[in-house]
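Below is one structure, written out as structure tokens; the observations come after it.
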Amino acid sequence: MNEGASGGQVTTDDGAMGFWAALEEVLPATRQQRCWIHNTGNVLNYLPKRAQPKAKKMLHDIWKAETREELLTFYDFLAQHWQSTRTSNPIESAFATNRHRTMPTKGCLSRDSMLHMMFKLGQCAEKGWRELRGFAHLADVTQGVDFINGTKQSNQDQAAG
């Protein structure tokens with residue numbers, strides 16, 4: 001997910017090293033937001049099952065930390081977008097329907113029939129998607145308005161800062 005901000009944009013990803021390297025080369029001002037869902041899952045996978053609930057709660061408590069890291073970049077953007085910005089799952093979910101259907105049928109369809117099937121699957125899947133929160137603020141986001149802890153900064157706030 002990309003969201004505009006002064007000094008660049010923020011992109012959420014699961015931390016694929018090739019993606020981050022390409023992003024830094026092509027869009028060096030873009031800020032990085034590590035996907036909370038992937039990060040939490042990766043950490044929990046290394047723990048015994050009995051320790052996972054407590055560790056998961058502790059990981060979620062990090063969101064309240066006072067320092068900012070790549071996992072907390074989303075705080076510098078519109079609060080209504082935090083749920084979508086802190087994870088890449090909304091984007092991945094959009095492609096999951098196609099991936100689950102096209103993998104078993106690999107090689108069985110022509111290019112045109114495969115594209116048609118993917119389009120129809122996408123149309124069916126979109127019925128369950130939720131609308132983006134904070135849609136009314138997208139103009140501010142794309143124009144690079146500063147947000148601090150999810151709140152739009154007025155011109156007076158920006159001049160004082």
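For the structure tokens, the naming scheme is as follows: chains receive sequential letters (A, B, ...) according to their order of presentation, residues are indexed from 1 within each chain, and ligands are indexed from 1 in presentation order.
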
Find the residues around segment 36-46 of chain A up to 6 Å (only C-alpha atoms counted), leave out those fewer than 6 positions away in its own chain, and share them as a PyMOL selection string. chain A and resi 14+52+86-87

All heavy atoms of the current selection, written as a PDB file, in the first residue's frame:
ATOM      1  N   ASP A  14       5.938  -7.011   3.330  1.00  0.00           N
ATOM      2  CA  ASP A  14       6.299  -8.050   4.294  1.00  0.00           C
ATOM      3  C   ASP A  14       7.799  -8.132   4.539  1.00  0.00           C
ATOM      4  O   ASP A  14       8.262  -8.991   5.271  1.00  0.00           O
ATOM      5  CB  ASP A  14       5.749  -9.409   3.866  1.00  0.00           C
ATOM      6  CG  ASP A  14       6.270  -9.866   2.517  1.00  0.00           C
ATOM      7  OD1 ASP A  14       7.164  -9.203   1.965  1.00  0.00           O
ATOM      8  OD2 ASP A  14       5.784 -10.894   2.023  1.00  0.00           O
ATOM      9  N   GLN A  52       3.014 -18.345  22.709  1.00  0.00           N
ATOM     10  CA  GLN A  52       2.566 -17.458  21.639  1.00  0.00           C
ATOM     11  C   GLN A  52       1.502 -16.440  22.050  1.00  0.00           C
ATOM     12  O   GLN A  52       1.608 -15.271  21.672  1.00  0.00           O
ATOM     13  CB  GLN A  52       2.103 -18.274  20.430  1.00  0.00           C
ATOM     14  CG  GLN A  52       3.272 -18.940  19.724  1.00  0.00           C
ATOM     15  CD  GLN A  52       2.862 -19.702  18.487  1.00  0.00           C
ATOM     16  OE1 GLN A  52       1.720 -19.635  18.036  1.00  0.00           O
ATOM     17  NE2 GLN A  52       3.808 -20.450  17.927  1.00  0.00           N
ATOM     18  N   ARG A  86      -0.606  -0.433   8.192  1.00  0.00           N
ATOM     19  CA  ARG A  86       0.354  -1.199   8.985  1.00  0.00           C
ATOM     20  C   ARG A  86       0.500  -2.651   8.550  1.00  0.00           C
ATOM     21  O   ARG A  86       1.290  -3.394   9.104  1.00  0.00           O
ATOM     22  CB  ARG A  86       0.034  -1.101  10.467  1.00  0.00           C
ATOM     23  CG  ARG A  86      -1.212  -1.817  10.899  1.00  0.00           C
ATOM     24  CD  ARG A  86      -1.401  -1.732  12.409  1.00  0.00           C
ATOM     25  NE  ARG A  86      -2.658  -2.297  12.764  1.00  0.00           N
ATOM     26  CZ  ARG A  86      -3.613  -1.667  13.415  1.00  0.00           C
ATOM     27  NH1 ARG A  86      -3.418  -0.440  13.829  1.00  0.00           N
ATOM     28  NH2 ARG A  86      -4.727  -2.264  13.690  1.00  0.00           N
ATOM     29  N   THR A  87      -0.268  -3.069   7.548  1.00  0.00           N
ATOM     30  CA  THR A  87      -0.144  -4.438   7.056  1.00  0.00           C
ATOM     31  C   THR A  87      -0.344  -4.484   5.550  1.00  0.00           C
ATOM     32  O   THR A  87      -1.071  -3.664   4.995  1.00  0.00           O
ATOM     33  CB  THR A  87      -1.150  -5.384   7.743  1.00  0.00           C
ATOM     34  OG1 THR A  87      -1.019  -6.689   7.190  1.00  0.00           O
ATOM     35  CG2 THR A  87      -2.577  -4.906   7.603  1.00  0.00           C
TER      36      THR A  87
END

Segment 73-85 of chain A surroundings by only C-alpha atoms, 6 Å radius, close-in-sequence under 2 positions cut, as JSON, numbers by chain: {"A": [33, 70, 71, 87, 133, 134, 147, 148, 149, 150]}
